[in-house]
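Data block for data.cif (mmCIF, C-alpha atoms):
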```
data_upload
#
loop_
_atom_site.label_atom_id
_atom_site.label_comp_id
_atom_site.auth_asym_id
_atom_site.auth_seq_id
_atom_site.Cartn_x
_atom_site.Cartn_y
_atom_site.Cartn_z
CA MET A 53 0.00 0.00 0.00
CA ASN A 54 1.24 3.51 -0.84
CA THR A 55 2.29 5.13 2.47
CA THR A 56 1.68 8.66 1.20
CA SER A 57 -1.97 7.94 0.34
CA VAL A 58 -2.49 6.32 3.76
CA SER A 59 -1.08 9.40 5.48
CA ILE A 60 -3.29 11.78 3.50
CA SER A 61 -6.37 9.65 4.12
CA PHE A 62 -5.64 9.61 7.84
CA PHE A 63 -5.31 13.38 8.07
CA ASP A 64 -8.44 13.87 5.99
CA PHE A 65 -10.24 11.56 8.40
CA GLU A 66 -8.93 13.50 11.39
CA ARG A 67 -9.97 16.84 9.88
CA ASN A 68 -13.44 15.63 8.93
CA ASN A 69 -14.04 14.19 12.40
CA MET A 70 -12.59 17.13 14.32
CA LYS A 71 -15.19 18.83 16.49
CA ASN A 72 -16.34 22.03 14.81
CA LYS A 73 -16.22 24.89 17.32
CA PHE A 74 -19.18 26.57 15.60
CA GLU A 75 -21.33 23.92 17.31
CA ALA A 76 -21.05 26.03 20.47
CA PHE A 77 -23.52 28.50 18.88
CA HIS A 78 -26.18 25.74 18.71
CA LEU A 79 -26.41 25.88 14.93
CA SER A 80 -28.42 23.37 12.92
CA PRO A 81 -26.59 20.25 11.68
CA GLU A 82 -26.95 21.42 8.05
CA ILE A 83 -25.11 24.68 8.73
CA VAL A 84 -22.36 23.01 10.80
CA LYS A 85 -21.91 20.41 8.05
CA ALA A 86 -21.54 23.17 5.43
CA LEU A 87 -18.99 25.04 7.58
CA SER A 88 -17.01 21.82 8.06
CA THR A 89 -17.03 21.19 4.31
CA LEU A 90 -15.64 24.71 3.86
CA HIS A 91 -13.02 23.94 6.57
CA TYR A 92 -14.47 26.70 8.78
CA MET A 93 -13.70 24.92 12.04
CA GLU A 94 -13.13 27.82 14.42
CA PRO A 95 -14.77 31.28 14.40
CA THR A 96 -12.68 34.37 13.71
CA GLU A 97 -12.78 37.23 16.21
CA ILE A 98 -15.60 39.06 14.45
CA GLN A 99 -17.61 35.86 14.00
CA ALA A 100 -17.26 35.01 17.70
CA LYS A 101 -18.56 38.47 18.66
CA VAL A 102 -21.26 38.88 16.00
CA LEU A 103 -22.89 35.42 16.07
CA PRO A 104 -24.41 35.53 19.59
CA VAL A 105 -25.84 39.02 18.98
CA ALA A 106 -27.10 38.24 15.48
CA LEU A 107 -28.64 34.90 16.46
CA ASP A 108 -30.41 36.71 19.32
CA GLY A 109 -32.09 38.96 16.73
CA LYS A 110 -30.54 42.24 17.93
CA ASP A 111 -29.47 45.12 15.71
CA LEU A 112 -25.71 45.53 15.47
CA ALA A 113 -23.04 47.74 13.91
CA ALA A 114 -19.71 45.98 13.41
CA GLN A 115 -16.53 47.88 12.59
CA SER A 116 -14.01 45.56 10.98
CA GLN A 117 -11.50 45.57 8.15
CA THR A 118 -11.91 43.40 5.08
CA GLY A 119 -10.57 39.86 5.39
CA SER A 120 -11.80 39.41 8.96
CA GLY A 121 -14.49 36.87 8.06
CA LYS A 122 -17.45 39.24 8.24
CA THR A 123 -19.39 37.68 5.34
CA ALA A 124 -19.70 34.44 7.28
CA ALA A 125 -20.38 36.49 10.45
CA PHE A 126 -23.69 37.69 8.99
CA GLY A 127 -24.14 34.80 6.54
CA ILE A 128 -24.25 32.08 9.20
CA PRO A 129 -27.13 33.58 11.25
CA ILE A 130 -29.07 34.52 8.09
CA CYS A 131 -28.80 30.95 6.74
CA GLU A 132 -29.49 29.47 10.17
CA ASN A 133 -32.75 31.42 10.56
CA ALA A 134 -33.98 30.95 6.99
CA VAL A 135 -37.01 28.68 6.64
CA TRP A 136 -36.97 26.58 3.46
CA GLU A 137 -40.76 26.27 3.23
CA GLU A 138 -41.21 30.07 2.92
CA ASN A 139 -41.11 31.08 -0.76
CA ARG A 140 -40.60 34.82 -0.23
CA PRO A 141 -37.24 36.43 0.70
CA GLN A 142 -36.49 36.42 4.42
CA ALA A 143 -33.19 38.34 4.38
CA LEU A 144 -31.84 41.19 2.26
CA VAL A 145 -28.11 41.98 1.87
CA ILE A 146 -27.11 45.31 0.30
CA GLU A 147 -23.66 45.53 -1.31
CA PRO A 148 -22.02 48.62 -2.87
CA THR A 149 -20.60 46.91 -5.99
CA ARG A 150 -21.60 44.22 -8.44
CA GLU A 151 -18.44 42.21 -7.79
CA LEU A 152 -19.11 42.10 -4.05
CA THR A 153 -22.73 41.14 -4.72
CA VAL A 154 -21.60 38.06 -6.68
CA GLN A 155 -18.95 37.14 -4.10
CA VAL A 156 -21.34 37.41 -1.12
CA LYS A 157 -24.12 35.57 -2.97
CA GLU A 158 -21.74 32.64 -3.59
CA GLU A 159 -20.64 32.56 0.07
CA LEU A 160 -24.24 32.56 1.36
CA PHE A 161 -25.27 29.94 -1.19
CA ILE A 162 -22.46 27.65 -0.01
CA ILE A 163 -23.22 28.15 3.71
CA GLY A 164 -26.91 27.39 3.06
CA ARG A 165 -26.26 24.58 0.55
CA TYR A 166 -27.39 21.71 2.77
CA LYS A 167 -30.57 23.63 3.66
CA ARG A 168 -31.17 24.06 -0.11
CA LEU A 169 -31.42 27.85 0.26
CA LYS A 170 -31.94 29.94 -2.88
CA VAL A 171 -29.88 33.13 -3.10
CA PRO A 172 -30.59 35.32 -6.17
CA ASP A 173 -28.30 38.30 -6.84
CA LEU A 174 -29.58 41.58 -8.30
CA PHE A 175 -27.38 44.23 -9.91
CA GLY A 176 -27.21 46.43 -12.98
CA GLY A 177 -25.58 45.43 -16.26
CA PHE A 178 -27.68 42.26 -16.56
CA PRO A 179 -31.18 41.87 -18.07
CA ILE A 180 -33.79 42.78 -15.47
CA ASP A 181 -36.36 40.40 -17.04
CA LYS A 182 -34.22 37.38 -16.14
CA GLN A 183 -33.89 38.67 -12.58
CA ILE A 184 -37.67 39.10 -12.35
CA LEU A 185 -38.15 35.47 -13.45
CA SER A 186 -35.63 34.36 -10.82
CA LEU A 187 -37.51 36.26 -8.09
CA LYS A 188 -40.80 34.61 -9.07
CA GLN A 189 -39.29 31.30 -7.95
CA LYS A 190 -38.50 30.38 -4.34
CA SER A 191 -36.02 32.96 -2.95
CA HIS A 192 -34.75 32.83 0.64
CA ILE A 193 -31.99 35.46 0.69
CA VAL A 194 -31.55 38.31 -1.81
CA VAL A 195 -28.21 40.04 -2.35
CA GLY A 196 -27.95 43.17 -4.48
CA THR A 197 -26.75 46.69 -5.18
CA PRO A 198 -28.94 49.59 -3.93
CA GLY A 199 -30.07 50.92 -7.32
CA ARG A 200 -31.15 47.58 -8.78
CA LEU A 201 -32.83 46.48 -5.52
CA LEU A 202 -34.83 49.72 -5.45
CA ASP A 203 -35.77 49.22 -9.10
CA HIS A 204 -37.19 45.76 -8.31
CA VAL A 205 -39.06 47.10 -5.27
CA ARG A 206 -40.71 49.82 -7.40
CA ARG A 207 -41.63 47.30 -10.12
CA GLY A 208 -43.19 45.05 -7.48
CA SER A 209 -40.92 42.14 -8.46
CA LEU A 210 -39.11 42.07 -5.06
CA ASP A 211 -41.46 41.20 -2.21
CA LEU A 212 -40.14 42.58 1.09
CA THR A 213 -43.09 41.64 3.31
CA CYS A 214 -41.30 38.64 4.90
CA ILE A 215 -37.88 40.24 5.40
CA LYS A 216 -36.66 39.53 8.94
CA THR A 217 -33.02 40.66 8.55
CA LEU A 218 -31.34 43.44 6.59
CA VAL A 219 -27.55 43.55 6.16
CA ILE A 220 -25.83 46.77 5.01
CA ASP A 221 -22.35 45.60 4.03
CA GLU A 222 -19.28 47.80 3.33
CA ALA A 223 -21.37 50.74 4.57
CA ASP A 224 -18.49 53.24 4.44
CA LEU A 225 -17.96 52.49 0.75
CA MET A 226 -21.72 52.79 0.24
CA LEU A 227 -21.49 56.27 1.79
CA ASP A 228 -18.47 57.26 -0.34
CA MET A 229 -20.22 56.16 -3.53
CA GLY A 230 -23.36 58.16 -2.73
CA PHE A 231 -25.67 55.16 -2.23
CA ILE A 232 -26.92 55.95 1.28
CA GLY A 233 -29.98 57.76 -0.13
CA ASP A 234 -31.04 54.59 -1.96
CA VAL A 235 -30.36 52.52 1.17
CA LYS A 236 -32.63 54.79 3.22
CA GLN A 237 -35.32 54.49 0.55
CA ILE A 238 -35.13 50.68 0.74
CA LEU A 239 -35.36 50.87 4.54
CA LYS A 240 -38.65 52.78 4.23
CA GLU A 241 -40.11 49.89 2.21
CA LEU A 242 -39.12 47.22 4.75
CA PRO A 243 -41.19 45.89 7.64
CA VAL A 244 -39.69 46.17 11.13
CA CYS A 245 -36.69 43.84 11.04
CA GLN A 246 -33.23 43.17 12.44
CA ILE A 247 -30.56 45.43 10.90
CA MET A 248 -26.87 44.52 10.76
CA LEU A 249 -24.39 47.10 9.51
CA PHE A 250 -20.77 46.25 8.65
CA SER A 251 -18.14 48.87 7.88
CA ALA A 252 -14.39 49.53 8.05
CA THR A 253 -15.20 52.85 9.76
CA LEU A 254 -18.25 54.25 11.55
CA GLU A 255 -18.04 57.88 10.43
CA ASP A 256 -20.61 60.62 11.04
CA GLY A 257 -22.84 59.77 8.06
CA LEU A 258 -23.16 56.19 9.26
CA GLN A 259 -23.77 57.26 12.85
CA GLU A 260 -26.75 59.28 11.57
CA LEU A 261 -28.05 56.25 9.67
CA MET A 262 -27.74 54.11 12.80
CA GLN A 263 -29.66 56.66 14.89
CA GLU A 264 -32.40 56.98 12.27
CA CYS A 265 -32.97 53.34 11.41
CA MET A 266 -31.59 51.02 14.08
CA LYS A 267 -33.01 50.10 17.47
CA GLU A 268 -30.37 50.20 20.25
CA PRO A 269 -27.67 48.60 18.08
CA VAL A 270 -24.89 46.64 19.74
CA THR A 271 -21.57 48.11 18.56
CA ILE A 272 -18.80 45.62 17.85
CA ASN A 273 -15.35 47.02 17.15
CA ILE A 274 -12.58 44.78 15.86
CA GLU A 275 -9.33 46.76 15.73
CA THR A 276 -7.73 44.78 12.96
CA HIS A 277 -5.66 47.25 10.96
CA VAL A 278 -2.61 46.92 13.22
CA LYS A 279 -2.93 43.12 13.31
CA THR A 280 -3.33 43.05 9.52
CA VAL A 281 -0.16 44.96 8.76
CA GLU A 282 2.07 43.45 11.46
CA LYS A 283 2.11 40.02 9.79
CA ILE A 284 2.84 41.41 6.30
CA GLU A 285 6.40 42.14 5.21
CA GLN A 286 6.18 45.74 3.99
CA SER A 287 8.67 47.94 2.17
CA ILE A 288 8.88 51.18 0.20
CA GLN A 289 11.00 51.97 -2.84
CA CYS A 290 11.62 55.69 -3.33
CA ILE A 291 11.52 56.81 -6.98
CA PRO A 292 13.86 59.79 -7.61
CA GLY A 293 14.01 62.38 -10.43
CA ASP A 294 11.61 64.78 -12.15
CA GLU A 295 8.22 63.73 -13.54
CA GLU A 296 9.55 62.43 -16.87
CA GLU A 297 12.44 60.52 -15.28
CA ARG A 298 10.21 59.09 -12.57
CA ALA A 299 7.85 57.41 -15.07
CA HIS A 300 10.75 55.42 -16.57
CA THR A 301 12.46 54.72 -13.22
CA LYS A 302 9.21 53.65 -11.57
CA TYR A 303 8.38 51.11 -14.26
CA HIS A 304 11.97 49.80 -14.15
CA ALA A 305 11.76 49.42 -10.33
CA PHE A 306 8.35 47.78 -10.56
CA LEU A 307 9.30 45.28 -13.27
CA ASN A 308 12.56 44.35 -11.53
CA THR A 309 10.64 43.78 -8.28
CA LEU A 310 8.15 41.57 -10.11
CA ILE A 311 11.00 39.60 -11.73
CA ARG A 312 12.88 39.23 -8.44
CA GLU A 313 9.79 38.06 -6.52
CA ASN A 314 8.35 36.01 -9.43
CA PRO A 315 5.15 35.39 -7.44
CA GLU A 316 2.59 32.75 -8.31
CA SER A 317 -0.03 35.52 -8.15
CA CYS A 318 -0.01 39.23 -7.39
CA ILE A 319 -2.34 42.25 -7.31
CA ILE A 320 -0.93 45.53 -8.64
CA PHE A 321 -2.79 48.66 -7.51
CA CYS A 322 -2.98 51.79 -9.66
CA GLY A 323 -4.49 55.15 -8.73
CA THR A 324 -6.52 55.64 -11.92
CA ARG A 325 -8.23 53.60 -14.63
CA GLU A 326 -5.96 55.22 -17.23
CA MET A 327 -2.81 54.16 -15.37
CA ALA A 328 -4.14 50.62 -15.01
CA ASN A 329 -4.65 50.40 -18.79
CA VAL A 330 -1.23 51.95 -19.54
CA LEU A 331 0.55 49.54 -17.18
CA CYS A 332 -1.27 46.55 -18.68
CA ARG A 333 -0.17 47.57 -22.18
CA LYS A 334 3.45 48.05 -21.04
CA LEU A 335 3.56 44.64 -19.38
CA GLY A 336 1.93 43.05 -22.43
CA ARG A 337 4.67 44.48 -24.67
CA ASP A 338 7.24 42.99 -22.29
CA GLY A 339 5.61 39.55 -22.49
CA VAL A 340 3.74 39.59 -19.17
CA THR A 341 0.03 38.62 -19.27
CA CYS A 342 -2.27 40.47 -16.85
CA GLY A 343 -5.91 41.02 -16.12
CA VAL A 344 -7.31 44.52 -15.52
CA LEU A 345 -10.11 45.52 -13.16
CA HIS A 346 -11.66 48.99 -13.05
CA GLY A 347 -14.98 50.78 -13.43
CA ASP A 348 -14.82 51.40 -17.19
CA ILE A 349 -14.74 47.69 -18.02
CA GLU A 350 -18.01 45.97 -18.99
CA GLN A 351 -19.63 44.06 -16.14
CA GLN A 352 -19.44 40.63 -17.76
CA ASP A 353 -15.75 41.17 -18.46
CA ARG A 354 -15.10 42.28 -14.86
CA LEU A 355 -16.72 39.16 -13.44
CA ARG A 356 -14.85 37.01 -15.97
CA THR A 357 -11.56 38.66 -14.96
CA ILE A 358 -12.17 38.07 -11.25
CA ASP A 359 -13.09 34.43 -11.86
CA GLY A 360 -10.09 33.95 -14.15
CA PHE A 361 -7.68 35.36 -11.58
CA ARG A 362 -9.15 33.19 -8.80
CA GLN A 363 -8.78 30.11 -10.99
CA GLY A 364 -5.21 31.05 -11.89
CA LYS A 365 -5.75 31.57 -15.63
CA PHE A 366 -3.30 34.49 -15.36
CA ARG A 367 -0.85 35.41 -12.61
CA TYR A 368 -1.20 39.17 -12.20
CA LEU A 369 -4.20 41.47 -11.73
CA ILE A 370 -3.96 45.25 -12.17
CA ALA A 371 -6.75 47.00 -10.26
CA THR A 372 -8.03 50.32 -8.97
CA ASP A 373 -9.12 50.70 -5.34
CA VAL A 374 -12.90 50.79 -5.81
CA ALA A 375 -12.98 47.85 -8.25
CA ALA A 376 -11.04 45.58 -5.89
CA ARG A 377 -12.64 46.73 -2.62
CA GLY A 378 -13.58 43.79 -0.43
CA ILE A 379 -13.04 41.14 -3.10
CA ASP A 380 -11.40 38.03 -1.65
CA PHE A 381 -8.52 36.37 -3.48
CA PRO A 382 -7.11 33.44 -1.46
CA ASN A 383 -3.39 32.57 -1.31
CA LEU A 384 -2.09 35.88 -2.64
CA PRO A 385 1.62 36.22 -1.70
CA LEU A 386 2.35 39.72 -3.02
CA VAL A 387 0.74 43.16 -3.40
CA LEU A 388 2.46 45.93 -5.36
CA ASN A 389 1.32 49.53 -4.96
CA TYR A 390 2.42 50.90 -8.34
CA ASP A 391 0.73 54.18 -7.40
CA PHE A 392 1.05 55.12 -3.74
CA PRO A 393 -2.37 55.06 -2.00
CA THR A 394 -4.10 58.40 -1.37
CA GLY A 395 -5.54 57.40 2.02
CA LYS A 396 -4.37 55.48 5.07
CA GLU A 397 -7.42 53.17 5.05
CA ALA A 398 -6.79 52.48 1.36
CA TYR A 399 -3.25 51.35 2.19
CA VAL A 400 -4.47 48.89 4.82
CA HIS A 401 -7.18 47.66 2.48
CA ARG A 402 -4.71 47.12 -0.36
CA ILE A 403 -2.04 45.25 1.55
CA GLY A 404 -4.74 43.29 3.40
CA ARG A 405 -5.30 41.35 0.15
CA THR A 406 -2.19 39.35 1.12
CA GLY A 407 -1.23 37.58 4.37
CA ARG A 408 -4.70 36.13 4.88
CA ASN A 409 -5.63 33.04 6.91
CA GLY A 410 -2.19 32.78 8.47
CA GLU A 411 -0.36 32.72 5.12
CA PRO A 412 2.81 34.83 4.68
CA GLY A 413 2.42 38.04 2.70
CA LYS A 414 4.53 40.82 1.23
CA ALA A 415 3.65 44.36 0.10
CA VAL A 416 5.93 46.73 -1.84
CA SER A 417 4.96 50.38 -2.47
CA PHE A 418 6.57 52.75 -4.96
CA MET A 419 6.77 56.27 -3.55
CA THR A 420 7.63 59.67 -5.03
CA GLU A 421 8.41 62.94 -3.27
CA SER A 422 4.75 64.00 -3.36
CA ASP A 423 3.78 60.93 -1.30
CA ILE A 424 5.94 61.71 1.76
CA LYS A 425 3.11 63.26 3.81
CA MET A 426 0.77 60.34 3.06
CA ARG A 427 3.50 57.90 4.08
CA GLN A 428 3.77 59.65 7.46
CA MET A 429 -0.01 59.46 7.94
CA ILE A 430 -0.03 55.76 7.09
CA GLU A 431 2.84 54.95 9.47
CA GLU A 432 1.09 56.84 12.28
CA TYR A 433 -2.15 54.98 11.53
CA ILE A 434 -0.59 51.48 11.52
CA HIS A 435 1.88 52.26 14.37
CA LEU A 436 4.77 51.01 12.25
CA GLU A 437 7.63 52.56 10.33
CA ILE A 438 7.72 51.09 6.82
CA PRO A 439 11.35 50.38 5.84
CA GLU A 440 12.86 51.67 2.60
CA THR A 441 14.63 49.30 0.23
CA LYS A 442 16.76 49.93 -2.84
CA ILE A 443 15.46 49.42 -6.35
CA PRO A 444 16.53 45.83 -7.12
CA GLU A 445 18.85 44.93 -9.96
CA VAL A 446 18.06 41.50 -11.36
CA THR A 447 20.47 38.97 -12.83
CA GLU A 448 20.11 37.51 -16.31
CA GLU A 449 19.29 34.16 -14.70
CA GLU A 450 16.42 35.71 -12.67
CA ARG A 451 15.08 37.43 -15.79
CA LYS A 452 15.24 34.20 -17.80
CA LEU A 453 13.46 32.22 -15.07
CA PHE A 454 10.71 34.86 -14.79
CA PHE A 455 9.87 34.90 -18.50
CA GLU A 456 10.05 31.11 -18.73
CA THR A 457 7.48 31.00 -15.93
CA GLN A 458 5.23 33.35 -17.92
CA LYS A 459 5.09 30.82 -20.75
CA GLU A 460 4.21 27.85 -18.57
CA LYS A 461 0.77 26.30 -18.97
CA ARG A 462 -1.37 27.30 -15.99
CA LYS A 463 -2.83 24.66 -13.69
CA LEU A 464 -6.31 25.89 -12.75
CA LYS A 465 -7.33 26.08 -9.09
CA LYS A 466 -10.55 24.63 -7.72
CA ARG A 467 -13.45 27.02 -7.21
CA LYS A 468 -14.61 27.66 -3.66
CA GLY A 469 -17.27 25.14 -2.75
CA ALA A 470 -16.01 22.47 -5.15
CA GLU A 471 -16.07 20.01 -2.20
CA PHE A 472 -19.86 20.36 -2.09
CA ARG A 473 -20.30 18.93 -5.57
CA GLN A 474 -18.32 15.82 -4.57
CA SER A 475 -20.12 15.36 -1.21
CA ILE A 476 -23.58 15.88 -2.74
CA MET A 477 -22.83 13.45 -5.58
#
```
Could you show the structure in this file as structure tokens?
Amino acid sequence: MNTTSVSISFFDFERNNMKNKFEAFHLSPEIVKALSTLHYMEPTEIQAKVLPVALDGKDLAAQSQTGSGKTAAFGIPICENAVWEENRPQALVIEPTRELTVQVKEELFIIGRYKRLKVPDLFGGFPIDKQILSLKQKSHIVVGTPGRLLDHVRRGSLDLTCIKTLVIDEADLMLDMGFIGDVKQILKELPVCQIMLFSATLEDGLQELMQECMKEPVTINIETHVKTVEKIEQSIQCIPGDEEERAHTKYHAFLNTLIRENPESCIIFCGTREMANVLCRKLGRDGVTCGVLHGDIEQQDRLRTIDGFRQGKFRYLIATDVAARGIDFPNLPLVLNYDFPTGKEAYVHRIGRTGRNGEPGKAVSFMTESDIKMRQMIEEYIHLEIPETKIPEVTEEERKLFFETQKEKRKLKKRKGAEFRQSIM
């Protein structure tokens, strides 16, 4: 008998029979089974604090950075409380972007898989007639963007009479994008229900919303930004020279860093859509294949790009801040800030794409003279001094290895929830 296969089978057996700590919340067997299939065996900090409050039906406002496990924090109680026999939606989740809507829908669908919960997603850029047909069927949880949700409410295609729980996710981004008015309009159409608000910050505009719409909300604050950055190896490369020289030097520094690191996957952040397109063209001319993600790209193409990057069809994704906000990419070893972030929260959000779930992570930022003040603000915010490193010079051997790697045939990764298909079969 092959000893390796015996060893793997034994550890699989141990993992599958390990007591799931989510059982302490008295969840139904179907939900615990789904969490075990996902290898969610122990709650994160935000899940441990949110679940008792949410399962008790209380309103709550949770302040937590992305990557803390907040989707499951509200997804588990929503799926737990959903009744399969009820045909009308029982929970509504509002997301600021289409990409987040798709991501959250998939997470909720997987958590509720063994309860056979239906989770339609509603957002612009797709035919509304097809969405109306979907809503006419059994729908337990609805996830959507504010504008499209409001459109369905006004058409009478989204029935809100049985909604017991409303989730306002990424509320600070919702505020920044000007969607709070639509959110308030949706709230007026809802019956009295539990409201859960999740946000990286709880600024004044959100405090007003909480006072207007929520009943004695429990505030949960997870100070994660320091924890997030402490486990990530961070560095800054200073780009000298005038504006014309800097453009050449910056690209040289960036490409050499990419060659030196030669990561399996990497997100590259740019400050504007134009810069993202320019950088993609430059890398393409140099023989490096990338995906691009920003607001000017057609919705179908954006979703295809996200899915392609998750599956490993290409190694590098160039993105703007808003397009990549909150999107989860597992096992990402490197983040490159081609353009220095314009806000301290944006910096934490960007580098928080790496170093997730205990994995090592690295973040390199390219800084010019005009970014010095922002660097100081970021270092004060994260309570760390980010070290400076020299622009790397790469050897011919490193360069050769990098471009050989670019030509290799990609081995596609499994989609999240692939285990369900096997277990259900």
Inset, instruction - Give the answer as one residue: which of A:Tyr399, A:Phe161, A:Phe361, A:Phe250 has the shortest atom-to-atom distance to Asp173 of chain A, using only C-alpha atoms? - result: A:Phe161
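Between Asp203 of chain A and the residues A:Glu440, A:Leu185, A:Leu174, A:Leu254, the shortest atom-to-atom distance, using only C-alpha atoms, involves A:Leu174.
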Inset, instruction - Would you work out the distance separating atom CA of Leu103 of chain A from atom CA of Ala125 of chain A, expressed in Å to one decimal? - result: 6.2 Å
Padded axis-aligned box of segment 216-224 of chain A (4 Å per side), centre and edge lengths, Å, one decimal, as lines of an AutoDock Vina configuration file:
```
center_x = -27.6
center_y = 46.4
center_z = 6.1
size_x = 26.2
size_y = 21.7
size_z = 13.6
```
Inset, instruction - Using the chain letters and residue numbers of this document, give as a list of chain:residue names the residues selected by the PyMOL selection byres ((chain A and resi 426) around 8). - result: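 That expression, the PyMOL selection byres ((chain A and resi 426) around 8), corresponds here to A:Pro393, A:Thr394, A:Gly395, A:Lys396, A:Asp423, A:Ile424, A:Lys425, A:Arg427, A:Gln428, A:Met429, A:Ile430.
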Inset, instruction - Would you mind telling me which residue in A:Glu151, A:Glu285, A:Asp234, A:Glu297 lies nearest to Leu388 of chain A when using only C-alpha atoms? - result: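 The answer is A:Glu285, which sits nearest to Leu388 of chain A.
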Legend entry - Using all atoms listed in the file: which of A:His91, A:Leu210, A:Lys414, A:Leu201 has the shortest distance to Leu187 of chain A: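 The shortest atom-to-atom distance to Leu187 of chain A comes from A:Leu210.
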Inset, instruction - Evaluate the PyMOL selection byres ((chain A and resi 158) around 12) and record the selected residues as a ChimeraX atom specification, following the chain and residue labels used in the document. - result: /A:123-124,127,151-157,159-165,169-173,193-195,380,467-470
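Among the candidates A:Val387, A:Ala76, A:Ala371, A:Leu258, the residue lying nearest to Gly413 of chain A is A:Val387 (atoms considered: only C-alpha atoms).
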Legend entry - Explicit residue set for the PyMOL selection byres ((chain A and resi 372) around 8), as a list in words: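 Taken over the shown coordinates, the PyMOL selection byres ((chain A and resi 372) around 8) returns Phe321, Cys322, Gly323, Thr324, Arg325, Ala328, Leu345, His346, Ile370, Ala371, Asp373, Val374, Ala375 and Ala376 of chain A.
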